[in-house]
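Shown below: target_17.cif, with mmCIF, C-alpha atoms.
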data_data
loop_
_atom_site.label_atom_id
_atom_site.label_comp_id
_atom_site.auth_asym_id
_atom_site.auth_seq_id
_atom_site.Cartn_x
_atom_site.Cartn_y
_atom_site.Cartn_z
CA MET A 190 141.06 142.62 10.30
CA ALA A 191 138.80 145.62 10.50
CA GLN A 192 139.28 147.40 13.78
CA ASN A 193 136.29 149.79 13.85
CA ILE A 194 137.65 151.50 16.95
CA ASP A 195 137.63 155.28 17.08
CA LEU A 196 141.13 155.75 18.47
CA ALA A 197 140.66 159.46 19.03
CA ALA A 198 137.53 158.92 21.11
CA LEU A 199 139.25 156.10 22.94
CA SER A 200 142.21 158.29 23.86
CA ARG A 201 139.81 160.95 25.11
CA GLY A 202 138.30 158.47 27.50
CA ASP A 203 134.91 158.14 25.85
CA LYS A 204 133.08 155.54 27.95
CA ALA A 205 131.14 153.87 25.15
CA THR A 206 134.27 153.60 22.98
CA TRP A 207 136.29 152.20 25.87
CA ASP A 208 133.65 149.55 26.61
CA GLY A 209 133.55 148.54 22.95
CA PHE A 210 137.35 148.33 22.87
CA VAL A 211 137.39 146.12 25.96
CA ARG A 212 134.69 143.79 24.64
CA ARG A 213 136.52 143.42 21.36
CA TYR A 214 140.09 142.88 22.64
CA ALA A 215 139.79 141.37 26.12
CA GLY A 216 139.85 137.90 24.56
CA LEU A 217 143.03 138.67 22.65
CA VAL A 218 144.72 140.04 25.75
CA SER A 219 143.61 136.98 27.76
CA ALA A 220 145.02 134.63 25.15
CA ALA A 221 148.31 136.54 25.11
CA VAL A 222 148.87 136.39 28.88
CA ARG A 223 147.41 132.93 29.55
CA PRO A 224 150.66 131.01 28.80
CA LEU A 225 152.45 133.15 31.40
CA ALA A 226 149.87 132.72 34.18
CA ARG A 227 149.61 129.93 36.72
CA ASP A 228 145.82 129.79 36.85
CA GLY A 229 142.58 131.49 35.79
CA ALA A 230 142.68 134.00 38.64
CA GLU A 231 146.12 135.16 37.58
CA VAL A 232 144.95 135.49 33.98
CA GLU A 233 142.18 137.82 35.21
CA ASP A 234 144.62 139.93 37.21
CA LEU A 235 147.12 140.15 34.39
CA VAL A 236 144.45 141.17 31.89
CA GLN A 237 143.30 143.89 34.27
CA GLU A 238 146.88 145.14 34.62
CA VAL A 239 147.14 145.41 30.87
CA PHE A 240 143.98 147.52 30.61
CA VAL A 241 145.09 149.64 33.55
CA ARG A 242 148.33 150.33 31.74
CA LEU A 243 146.44 151.30 28.61
CA CYS A 244 144.19 153.84 30.30
CA LYS A 245 146.36 155.27 33.05
CA ASP A 246 147.92 158.74 32.91
CA GLY A 247 145.25 159.97 30.53
CA PHE A 248 145.56 157.00 28.16
CA ARG A 249 149.20 157.85 27.60
CA LEU A 250 150.19 154.43 26.21
CA LEU A 251 147.18 154.23 23.91
CA LYS A 252 148.10 157.61 22.49
CA THR A 253 151.49 156.25 21.41
CA TYR A 254 149.87 153.67 19.14
CA ASP A 255 150.29 154.46 15.45
CA PRO A 256 148.07 152.41 13.10
CA SER A 257 150.37 153.17 10.16
CA ARG A 258 153.16 151.14 11.80
CA ALA A 259 151.35 148.01 12.95
CA GLY A 260 147.92 146.49 13.44
CA LEU A 261 146.13 147.02 16.76
CA SER A 262 145.87 143.29 17.51
CA THR A 263 149.60 142.78 17.03
CA TRP A 264 150.52 145.79 19.13
CA LEU A 265 148.10 144.83 21.90
CA THR A 266 149.55 141.34 22.03
CA ILE A 267 153.07 142.69 22.45
CA VAL A 268 151.90 145.16 25.12
CA ALA A 269 149.98 142.42 26.94
CA ARG A 270 152.95 140.08 26.99
CA SER A 271 155.44 142.67 28.20
CA THR A 272 153.03 144.00 30.84
CA ALA A 273 152.32 140.50 32.12
CA ARG A 274 155.99 139.61 32.26
CA ASP A 275 156.87 142.79 34.13
CA SER A 276 154.04 142.18 36.57
CA LEU A 277 155.12 138.62 37.24
CA ARG A 278 158.71 139.72 37.75
CA ARG A 279 157.59 142.23 40.38
CA ARG A 280 155.66 139.53 42.22
CA GLN A 281 158.64 137.22 42.48
CA LEU A 282 159.94 136.33 45.91
CA PRO A 283 162.06 139.11 47.41
CA LEU A 284 165.77 138.68 46.79
CA THR A 285 168.02 137.67 49.65
CA PRO A 286 170.41 140.47 50.64
CA ILE A 287 173.95 139.54 49.67
CA ASP A 288 175.20 140.06 53.23
CA ALA A 289 172.88 137.29 54.41
CA VAL A 290 174.44 134.76 52.06
CA PRO A 291 177.56 132.92 53.28
CA GLU A 292 180.63 133.51 51.15
CA THR A 293 180.97 129.87 50.25
CA ALA A 294 177.62 130.00 48.50
CA LEU A 295 178.81 132.91 46.39
CA ALA A 296 182.03 131.28 45.24
CA THR A 297 182.12 130.35 41.59
CA GLY A 298 183.98 127.13 40.94
CA GLY A 299 184.89 125.49 37.71
CA ALA A 300 187.00 126.64 34.81
CA PRO A 301 188.17 130.23 34.50
CA PRO A 302 186.19 132.37 32.03
CA GLU A 303 187.00 131.80 28.42
CA LYS A 304 189.30 134.42 27.01
CA LEU A 305 188.09 134.03 23.43
CA ARG A 306 186.64 137.07 21.79
CA LEU A 307 183.95 136.95 19.16
CA PRO A 308 184.66 138.84 15.97
CA GLU A 309 182.16 141.55 15.18
CA GLY A 310 179.32 140.23 13.04
CA LEU A 311 180.35 136.59 13.25
CA LEU A 312 176.67 135.73 13.15
CA SER A 313 174.06 137.90 11.46
CA PRO A 314 171.10 139.06 13.58
CA ARG A 315 168.83 136.66 11.67
CA GLN A 316 171.16 133.75 12.37
CA LYS A 317 171.33 134.66 16.05
CA LEU A 318 167.56 134.89 16.20
CA VAL A 319 167.03 131.48 14.62
CA LEU A 320 169.47 129.91 17.06
CA THR A 321 167.81 131.70 19.98
CA MET A 322 164.39 130.40 19.03
CA LEU A 323 165.69 126.91 18.37
CA TYR A 324 167.94 126.42 21.41
CA ASP A 325 166.72 128.92 24.02
CA ARG A 326 163.01 128.64 23.33
CA ASP A 327 162.90 125.05 22.05
CA MET A 328 160.72 126.12 19.18
CA GLU A 329 160.08 123.84 16.23
CA VAL A 330 161.25 124.75 12.76
CA ALA A 331 157.67 125.31 11.61
CA GLU A 332 157.01 127.65 14.55
CA ILE A 333 160.16 129.63 13.83
CA ALA A 334 159.23 129.86 10.16
CA THR A 335 155.81 131.24 11.10
CA ALA A 336 157.30 133.67 13.61
CA LEU A 337 159.77 135.04 11.06
CA GLY A 338 157.44 134.94 8.10
CA VAL A 339 159.74 132.64 6.08
CA ASP A 340 159.50 129.08 4.88
CA PRO A 341 160.92 126.21 6.99
CA GLN A 342 163.72 125.49 4.51
CA THR A 343 165.02 129.02 5.01
CA VAL A 344 165.13 128.38 8.76
CA ARG A 345 167.13 125.17 8.20
CA SER A 346 169.48 126.90 5.82
CA THR A 347 170.03 129.80 8.22
CA HIS A 348 170.72 127.38 11.05
CA HIS A 349 173.18 125.37 8.94
CA LYS A 350 175.19 128.43 7.89
CA ALA A 351 175.30 129.73 11.46
CA MET A 352 176.63 126.41 12.73
CA LEU A 353 179.31 126.31 10.05
CA LYS A 354 180.53 129.71 11.19
CA LEU A 355 180.54 128.76 14.87
CA ARG A 356 182.39 125.49 14.29
CA SER A 357 184.96 127.20 12.11
CA HIS A 358 185.50 130.02 14.61
CA PHE A 359 185.90 127.86 17.71
CA ALA A 360 188.07 125.34 15.85
CA THR A 361 190.40 128.16 14.77
CA GLU A 362 190.60 129.59 18.29
CA GLU A 363 191.50 126.26 19.79
CA GLN A 364 194.46 125.65 17.44
CA MET B 63 173.21 113.30 5.22
CA ALA B 64 172.94 116.58 7.14
CA ALA B 65 173.20 116.39 10.90
CA PRO B 66 169.81 116.72 12.69
CA MET B 67 168.96 120.18 13.89
CA ASN B 68 169.15 120.96 17.59
CA SER B 69 171.77 118.25 18.27
CA PRO B 70 173.65 118.33 21.61
CA GLU B 71 176.88 119.32 19.85
CA GLU B 72 175.24 122.24 18.14
CA ALA B 73 173.43 123.28 21.31
CA ALA B 74 176.79 123.36 23.09
CA LEU B 75 178.31 125.53 20.33
CA TRP B 76 175.43 127.96 20.66
CA GLN B 77 175.72 128.15 24.45
CA ARG B 78 179.43 128.79 24.12
CA TRP B 79 178.69 131.66 21.79
CA ARG B 80 176.04 132.93 24.19
CA LEU B 81 178.51 133.20 27.04
CA LEU B 82 180.84 135.35 24.99
CA ALA B 83 178.40 137.56 23.14
CA SER B 84 177.67 141.00 24.53
CA ALA B 85 174.33 142.79 24.58
CA PRO B 86 173.37 144.85 21.52
CA ALA B 87 174.68 148.39 21.45
CA THR B 88 171.38 149.97 20.38
CA GLU B 89 168.38 150.80 22.54
CA PRO B 90 165.88 147.93 22.98
CA PRO B 91 162.96 148.20 20.54
CA ASP B 92 159.69 149.61 21.83
CA GLU B 93 156.40 147.72 21.62
CA LEU B 94 155.26 149.44 18.44
CA THR B 95 158.54 148.61 16.68
CA LEU B 96 158.26 145.00 17.79
CA ALA B 97 154.71 144.88 16.45
CA ALA B 98 155.86 146.37 13.15
CA TYR B 99 158.60 143.74 12.98
CA ALA B 100 156.09 140.97 13.68
CA GLU B 101 154.07 142.17 10.69
CA GLY B 102 157.13 142.39 8.45
CA ARG B 103 156.83 146.15 8.07
CA LEU B 104 160.37 147.16 8.97
CA GLY B 105 163.16 148.02 6.55
CA PRO B 106 166.33 145.87 6.46
CA ALA B 107 168.39 147.98 8.87
CA GLU B 108 165.58 148.29 11.44
CA MET B 109 164.84 144.61 11.09
CA GLU B 110 168.44 143.66 11.82
CA ALA B 111 168.52 145.87 14.90
CA VAL B 112 165.33 144.24 16.22
CA GLU B 113 166.63 140.75 15.49
CA ASP B 114 169.81 141.58 17.36
CA TRP B 115 167.69 142.34 20.42
CA LEU B 116 165.42 139.37 19.93
CA SER B 117 168.39 137.03 19.89
CA ALA B 118 169.63 138.60 23.15
CA ASP B 119 166.22 138.37 24.83
CA PRO B 120 164.42 135.06 24.17
CA ASP B 121 161.29 136.37 25.92
CA LEU B 122 160.94 139.10 23.33
CA ALA B 123 161.38 136.54 20.57
CA SER B 124 158.48 134.53 22.02
CA ASP B 125 156.34 137.67 22.20
CA VAL B 126 156.93 138.40 18.56
CA ALA B 127 156.12 134.83 17.54
CA ILE B 128 152.85 134.93 19.49
CA ALA B 129 151.94 138.38 18.18
CA ARG B 130 152.44 137.23 14.62
CA GLY B 131 150.05 134.36 15.25
CA ALA B 132 147.53 136.68 16.92
CA ALA B 133 147.51 138.98 13.91
CA LEU B 134 146.67 136.08 11.61
CA GLY B 135 144.00 134.32 13.65
CA PRO B 136 140.50 135.27 14.85
CA VAL B 137 140.07 137.27 18.06
CA PRO B 138 139.00 134.88 20.83
CA ASP B 139 136.17 135.60 23.32
CA ALA B 140 136.87 136.67 26.89
CA ASP B 141 135.30 135.83 30.22
CA ALA B 142 132.42 138.20 31.14
CA ARG B 143 134.01 138.99 34.50
CA ILE B 144 137.25 140.03 32.85
CA ILE B 145 135.31 142.34 30.54
CA ALA B 146 133.30 143.89 33.41
CA ARG B 147 136.44 144.60 35.46
CA ALA B 148 138.19 146.28 32.57
CA GLU B 149 135.13 148.30 31.55
CA ALA B 150 134.86 149.66 35.09
CA LEU B 151 138.27 151.31 34.73
CA VAL B 152 136.69 154.16 32.79
CA THR B 153 133.66 155.91 34.24
CA PRO B 154 131.23 158.18 32.37
CA GLU B 155 132.75 161.18 34.14
CA GLU B 156 136.09 160.30 32.65
CA GLY B 157 135.26 162.86 29.96
CA HIS B 158 137.56 165.12 31.90
CA VAL B 159 134.96 167.69 32.97
CA VAL B 160 136.67 169.89 35.52
CA PRO B 161 134.20 171.37 38.05
CA LEU B 162 134.73 175.14 38.48
CA HIS B 163 134.21 176.63 41.94
CA ARG B 164 132.91 180.17 41.50
CA PRO B 165 133.84 182.44 44.48
CA SER B 166 130.76 183.63 46.43
CA PRO B 167 130.08 187.44 46.31
CA SER B 168 129.49 187.83 50.08
CA PRO B 169 131.25 186.05 52.90
CA GLY B 170 128.06 184.59 54.31
CA TRP B 171 127.71 183.25 57.84
CA GLN B 172 130.69 180.92 57.42
CA GLY B 173 132.94 183.88 56.77
CA VAL B 174 131.65 185.73 59.81
CA VAL B 175 132.28 182.73 62.03
CA ARG B 176 135.74 182.30 60.61
CA TRP B 177 136.78 185.89 61.18
CA SER B 178 135.21 186.00 64.64
CA ALA B 179 137.14 182.93 65.68
CA MET B 180 140.35 184.48 64.44
CA ALA B 181 139.74 187.73 66.32
CA ALA B 182 138.92 185.86 69.52
CA SER B 183 142.12 183.82 69.21
CA ILE B 184 144.20 186.97 68.87
CA LEU B 185 142.51 188.56 71.88
CA ILE B 186 143.00 185.50 74.09
CA ALA B 187 146.64 185.20 73.06
CA SER B 188 147.21 188.84 73.92
CA VAL B 189 145.62 188.55 77.36
CA VAL B 190 147.48 185.36 78.22
CA GLY B 191 150.73 186.78 76.99
CA PHE B 192 150.27 189.94 78.99
CA ALA B 193 149.39 188.00 82.13
CA LEU B 194 152.46 185.79 81.84
CA GLY B 195 154.65 188.75 81.28
CA ASN B 196 153.13 190.51 84.26
CA ASP B 197 153.78 187.52 86.53
CA ALA B 198 157.40 187.42 85.48
CA TYR B 199 157.76 191.13 86.07
CA VAL B 200 156.27 190.86 89.55
CA SER B 201 158.45 187.94 90.59
CA LEU B 202 161.59 189.76 89.47
CA ALA B 203 160.67 193.02 91.16
CA GLY B 204 159.20 191.47 94.34
CA TYR B 205 156.34 193.87 94.03
CA GLN B 206 152.63 193.18 93.98
CA PRO B 207 150.71 196.05 92.41
CA ALA B 208 147.45 197.03 94.05
CA ILE B 209 145.72 197.40 90.77
CA PHE B 210 146.16 195.58 87.49
CA GLY B 211 148.54 197.44 85.17
CA GLN B 212 149.70 199.90 87.84
CA GLU B 213 153.37 198.96 87.39
CA LEU B 214 153.25 200.28 83.83
CA LEU B 215 152.35 203.71 85.10
CA ASP B 216 154.31 203.71 88.36
CA PRO B 217 157.22 201.23 88.40
CA PRO B 218 158.32 200.12 91.90
CA SER B 219 161.21 202.11 93.35
CA GLY B 220 163.09 198.96 94.24
CA LEU B 221 163.12 197.60 90.71
CA PHE B 222 166.43 199.12 89.72
CA THR B 223 168.31 198.79 92.99
CA GLY B 224 171.89 197.84 92.50
CA PHE B 225 172.11 199.64 89.21
CA ASP B 226 173.32 202.97 90.70
CA GLU B 227 176.55 203.96 89.00
CA ASP B 228 178.15 205.25 92.17
CA ALA B 229 176.93 202.50 94.44
CA ASN B 230 180.16 200.54 94.65
CA ILE B 231 182.89 203.13 94.12
#
Structure encoded using structure tokens:
Amino acid sequence: MAQNIDLAALSRGDKATWDGFVRRYAGLVSAAVRPLARDGAEVEDLVQEVFVRLCKDGFRLLKTYDPSRAGLSTWLTIVARSTARDSLRRRQLPLTPIDAVPETALATGGAPPEKLRLPEGLLSPRQKLVLTMLYDRDMEVAEIATALGVDPQTVRSTHHKAMLKLRSHFATEEQ
Amino acid sequence: MAAPMNSPEEAALWQRWRLLASAPATEPPDELTLAAYAEGRLGPAEMEAVEDWLSADPDLASDVAIARGAALGPVPDADARIIARAEALVTPEEGHVVPLHRPSPSPGWQGVVRWSAMAASILIASVVGFALGNDAYVSLAGYQPAIFGQELLDPPSGLFTGFDEDANI
């Protein structure tokens, strides 16, 4: 995708370049933050926070972008998502001070913590990632395949091998 | 027949692993590295380090998945109000022109007023200070000079009574 944005002029704060950049990428930023927002008003605020982050401190964040490492759309999407998430975390309800919580509410019942240790490298990073996307994010195989840039059969195979390792490890520990 | 993916038994195995696994030892990847990973531009070692972090932080994994989709698809349009708000962040003067204030060659009437006010303040403080000191002097000595400042020239004879060396021998 041709970018046609003069990054040097943008980092200098050229008004015309900035306006062109906003018109071109505001839609992408909106689409990136929309799943995290409650409503349209929050989408607007989150998009604005993203652009504020891009231009503040003399366009410091924009100056870190290196087109030789990744495309601008991809980088902006990552920046938008992380900015939105940080912003939403800051807006969460204030935490209750621990002294205000009765001790009974802090007690942890149930079984004592498991004393098993995981051997180093039991699962490869790729295997861990597939399991994270499948079980923690409830993503479909096709979605995971797209996210990782592999075919769905590779995802299934990776999952299968990871499960074999986990079953074998925990079965051994329990003997 | 292979067991279906995402079965309760397998989910439980994964959660058990999750409880025991520790966070990755390396620094979390920055946004540019994540973007490079999403585009498949990282080498094997860098890729593994990023995947280690992605598996520890499901939010990051979602970000990467969405970014990969964004790179492939068309750029959507945005609301006009969103665009206007963001455009307003940068003004035409943002070209970082720093205005230089050249010092004026002569003080002008403002300088005269300023210095006059300062001189008057010093004079008033001196007079008030002298008057206060004079009042204290008079109350200690029990002496009221006939003219202002006379005690400086002709101190009262009773001022130093009681200080005679031989008075109490």
Counting all atoms listed in the file, the residue among B:Gly191, B:Pro70, B:Gly105, B:Pro120 that lies closest to chain A is B:Pro120
Step by step: start from the point (147.0, 147.9, 38.5) in the file's coordinates, keep every protein, DNA or RNA residue that has an atom no farther than 12 Å from it, count all atoms listed in the file, and write the set as a list in words.
->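 So the residues meeting the distance criterion are Glu233, Asp234, Leu235, Val236, Gln237, Glu238, Val239, Phe240, Val241, Arg242, Leu243, Cys244, Lys245, Thr272, Ala273, Asp275 and Ser276 of chain A; Arg147, Ala148 and Leu151 of chain B.
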So the first atom is atom CA of A:Thr361 and the second is atom CA of A:Leu311; what is the distance between them in Å, to one decimal place?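 Going from atom CA of A:Thr361 over to atom CA of A:Leu311 covers 13.2 Å.
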Q.
Once the PyMOL selection byres ((chain B and resi 126) around 9) has been evaluated on this model, what residues remain selected, and can you format them as an MDAnalysis selection string?
A. (chainID A and resid 263 266:267 336:337) or (chainID B and resid 96:97 99:100 116 121:125 127:131)
Could you dump the residues just selected with C-alpha atoms as an mmCIF file, in the frame of the given file?
data_model
loop_
_atom_site.group_PDB
_atom_site.id
_atom_site.type_symbol
_atom_site.label_atom_id
_atom_site.label_comp_id
_atom_site.auth_asym_id
_atom_site.auth_seq_id
_atom_site.Cartn_x
_atom_site.Cartn_y
_atom_site.Cartn_z
ATOM 1 C CA THR A 263 149.600 142.780 17.030
ATOM 2 C CA THR A 266 149.550 141.340 22.030
ATOM 3 C CA ILE A 267 153.070 142.690 22.450
ATOM 4 C CA ALA A 336 157.300 133.670 13.610
ATOM 5 C CA LEU A 337 159.770 135.040 11.060
ATOM 6 C CA LEU B 96 158.260 145.000 17.790
ATOM 7 C CA ALA B 97 154.710 144.880 16.450
ATOM 8 C CA TYR B 99 158.600 143.740 12.980
ATOM 9 C CA ALA B 100 156.090 140.970 13.680
ATOM 10 C CA LEU B 116 165.420 139.370 19.930
ATOM 11 C CA ASP B 121 161.290 136.370 25.920
ATOM 12 C CA LEU B 122 160.940 139.100 23.330
ATOM 13 C CA ALA B 123 161.380 136.540 20.570
ATOM 14 C CA SER B 124 158.480 134.530 22.020
ATOM 15 C CA ASP B 125 156.340 137.670 22.200
ATOM 16 C CA ALA B 127 156.120 134.830 17.540
ATOM 17 C CA ILE B 128 152.850 134.930 19.490
ATOM 18 C CA ALA B 129 151.940 138.380 18.180
ATOM 19 C CA ARG B 130 152.440 137.230 14.620
ATOM 20 C CA GLY B 131 150.050 134.360 15.250
#
With only C-alpha atoms as the atoms that count, which of B:Ala74, B:Ala98, B:Val174, B:Val112 lies nearest to chain A?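 Of B:Ala74, B:Ala98, B:Val174, B:Val112, the one nearest chain A, counting only C-alpha atoms, is B:Ala98.
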Margin query: Applying the PyMOL selection byres ((chain A and resi 317-323) around 8) to the file I just gave you, which residues come out? Please list them as a PyMOL selection string.
Written below: (chain A and resi 312-316+324-330+333+344+347-348+351) or (chain B and resi 68+76+113-114+116-118+120+123-124)
Ranking B:Pro86, B:Gly173, B:Pro138, B:Pro91 by minimum distance to chain A and counting all atoms listed in the file, which one comes first?
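Comparing B:Pro86, B:Gly173, B:Pro138, B:Pro91 against chain A, the winner is B:Pro138.
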Identify all residues satisfying the PyMOL selection byres ((chain A and resi 207-214) around 8) in the given file; provide them as a PyMOL selection string. (chain A and resi 194+199+202-206+215-218+262) or (chain B and resi 137+140+145+148-149+152)
Atom pair atom CA of A:Pro341 + atom CA of B:Glu93, distance 26.4 Å
As a check of understanding: the span from atom CA of A:Ala198 to atom CA of B:Asp139 is 23.5 Å
When distances are computed from only C-alpha atoms, which of A:Gln342, A:Lys350, A:Ala220, A:Arg249 shows the smallest separation from chain B?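 Nearest to chain B: A:Ala220.
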Please report, as lines of an AutoDock Vina configuration file, the centre and edge lengths in Å to one decimal of an axis-aligned box covering all listed atoms of stretch 248-263 of chain A with 8 Å per side.
center_x = 149.4
center_y = 150.3
center_z = 19.2
size_x = 23.6
size_y = 31.1
size_z = 34.0
Got a minute to add N, CA and C atoms to stretch 211-227 of chain A and dump it as an mmCIF file, keeping the file's coordinate frame?
data_model
loop_
_atom_site.group_PDB
_atom_site.id
_atom_site.type_symbol
_atom_site.label_atom_id
_atom_site.label_comp_id
_atom_site.auth_asym_id
_atom_site.auth_seq_id
_atom_site.Cartn_x
_atom_site.Cartn_y
_atom_site.Cartn_z
ATOM 1 N N VAL A 211 137.169 147.213 25.004
ATOM 2 C CA VAL A 211 137.390 146.120 25.960
ATOM 3 C C VAL A 211 136.695 144.845 25.478
ATOM 4 N N ARG A 212 135.434 144.984 25.072
ATOM 5 C CA ARG A 212 134.690 143.790 24.640
ATOM 6 C C ARG A 212 135.347 143.140 23.444
ATOM 7 N N ARG A 213 135.908 143.950 22.576
ATOM 8 C CA ARG A 213 136.520 143.420 21.360
ATOM 9 C C ARG A 213 137.870 142.765 21.625
ATOM 10 N N TYR A 214 138.696 143.333 22.523
ATOM 11 C CA TYR A 214 140.090 142.880 22.640
ATOM 12 C C TYR A 214 140.433 142.168 23.938
ATOM 13 N N ALA A 215 139.484 142.059 24.861
ATOM 14 C CA ALA A 215 139.790 141.370 26.120
ATOM 15 C C ALA A 215 140.183 139.905 25.866
ATOM 16 N N GLY A 216 139.522 139.288 24.891
ATOM 17 C CA GLY A 216 139.850 137.900 24.560
ATOM 18 C C GLY A 216 141.265 137.756 24.038
ATOM 19 N N LEU A 217 141.675 138.706 23.218
ATOM 20 C CA LEU A 217 143.030 138.670 22.650
ATOM 21 C C LEU A 217 144.072 138.849 23.749
ATOM 22 N N VAL A 218 143.791 139.798 24.645
ATOM 23 C CA VAL A 218 144.720 140.040 25.750
ATOM 24 C C VAL A 218 144.793 138.808 26.659
ATOM 25 N N SER A 219 143.640 138.199 26.927
ATOM 26 C CA SER A 219 143.610 136.980 27.760
ATOM 27 C C SER A 219 144.458 135.883 27.138
ATOM 28 N N ALA A 220 144.277 135.683 25.835
ATOM 29 C CA ALA A 220 145.020 134.630 25.150
ATOM 30 C C ALA A 220 146.521 134.911 25.174
ATOM 31 N N ALA A 221 146.890 136.175 25.131
ATOM 32 C CA ALA A 221 148.310 136.540 25.110
ATOM 33 C C ALA A 221 148.980 136.276 26.456
ATOM 34 N N VAL A 222 148.246 136.536 27.550
ATOM 35 C CA VAL A 222 148.870 136.390 28.880
ATOM 36 C C VAL A 222 148.683 135.000 29.471
ATOM 37 N N ARG A 223 147.716 134.241 28.933
ATOM 38 C CA ARG A 223 147.410 132.930 29.550
ATOM 39 C C ARG A 223 148.626 132.017 29.664
ATOM 40 N N PRO A 224 149.492 131.912 28.653
ATOM 41 C CA PRO A 224 150.660 131.010 28.800
ATOM 42 C C PRO A 224 151.608 131.414 29.923
ATOM 43 N N LEU A 225 151.536 132.681 30.362
ATOM 44 C CA LEU A 225 152.450 133.150 31.400
ATOM 45 C C LEU A 225 151.858 132.980 32.803
ATOM 46 N N ALA A 226 150.554 132.750 32.881
ATOM 47 C CA ALA A 226 149.870 132.720 34.180
ATOM 48 C C ALA A 226 149.809 131.304 34.733
ATOM 49 N N ARG A 227 149.695 131.235 36.070
ATOM 50 C CA ARG A 227 149.610 129.930 36.720
ATOM 51 C C ARG A 227 148.193 129.377 36.661
#
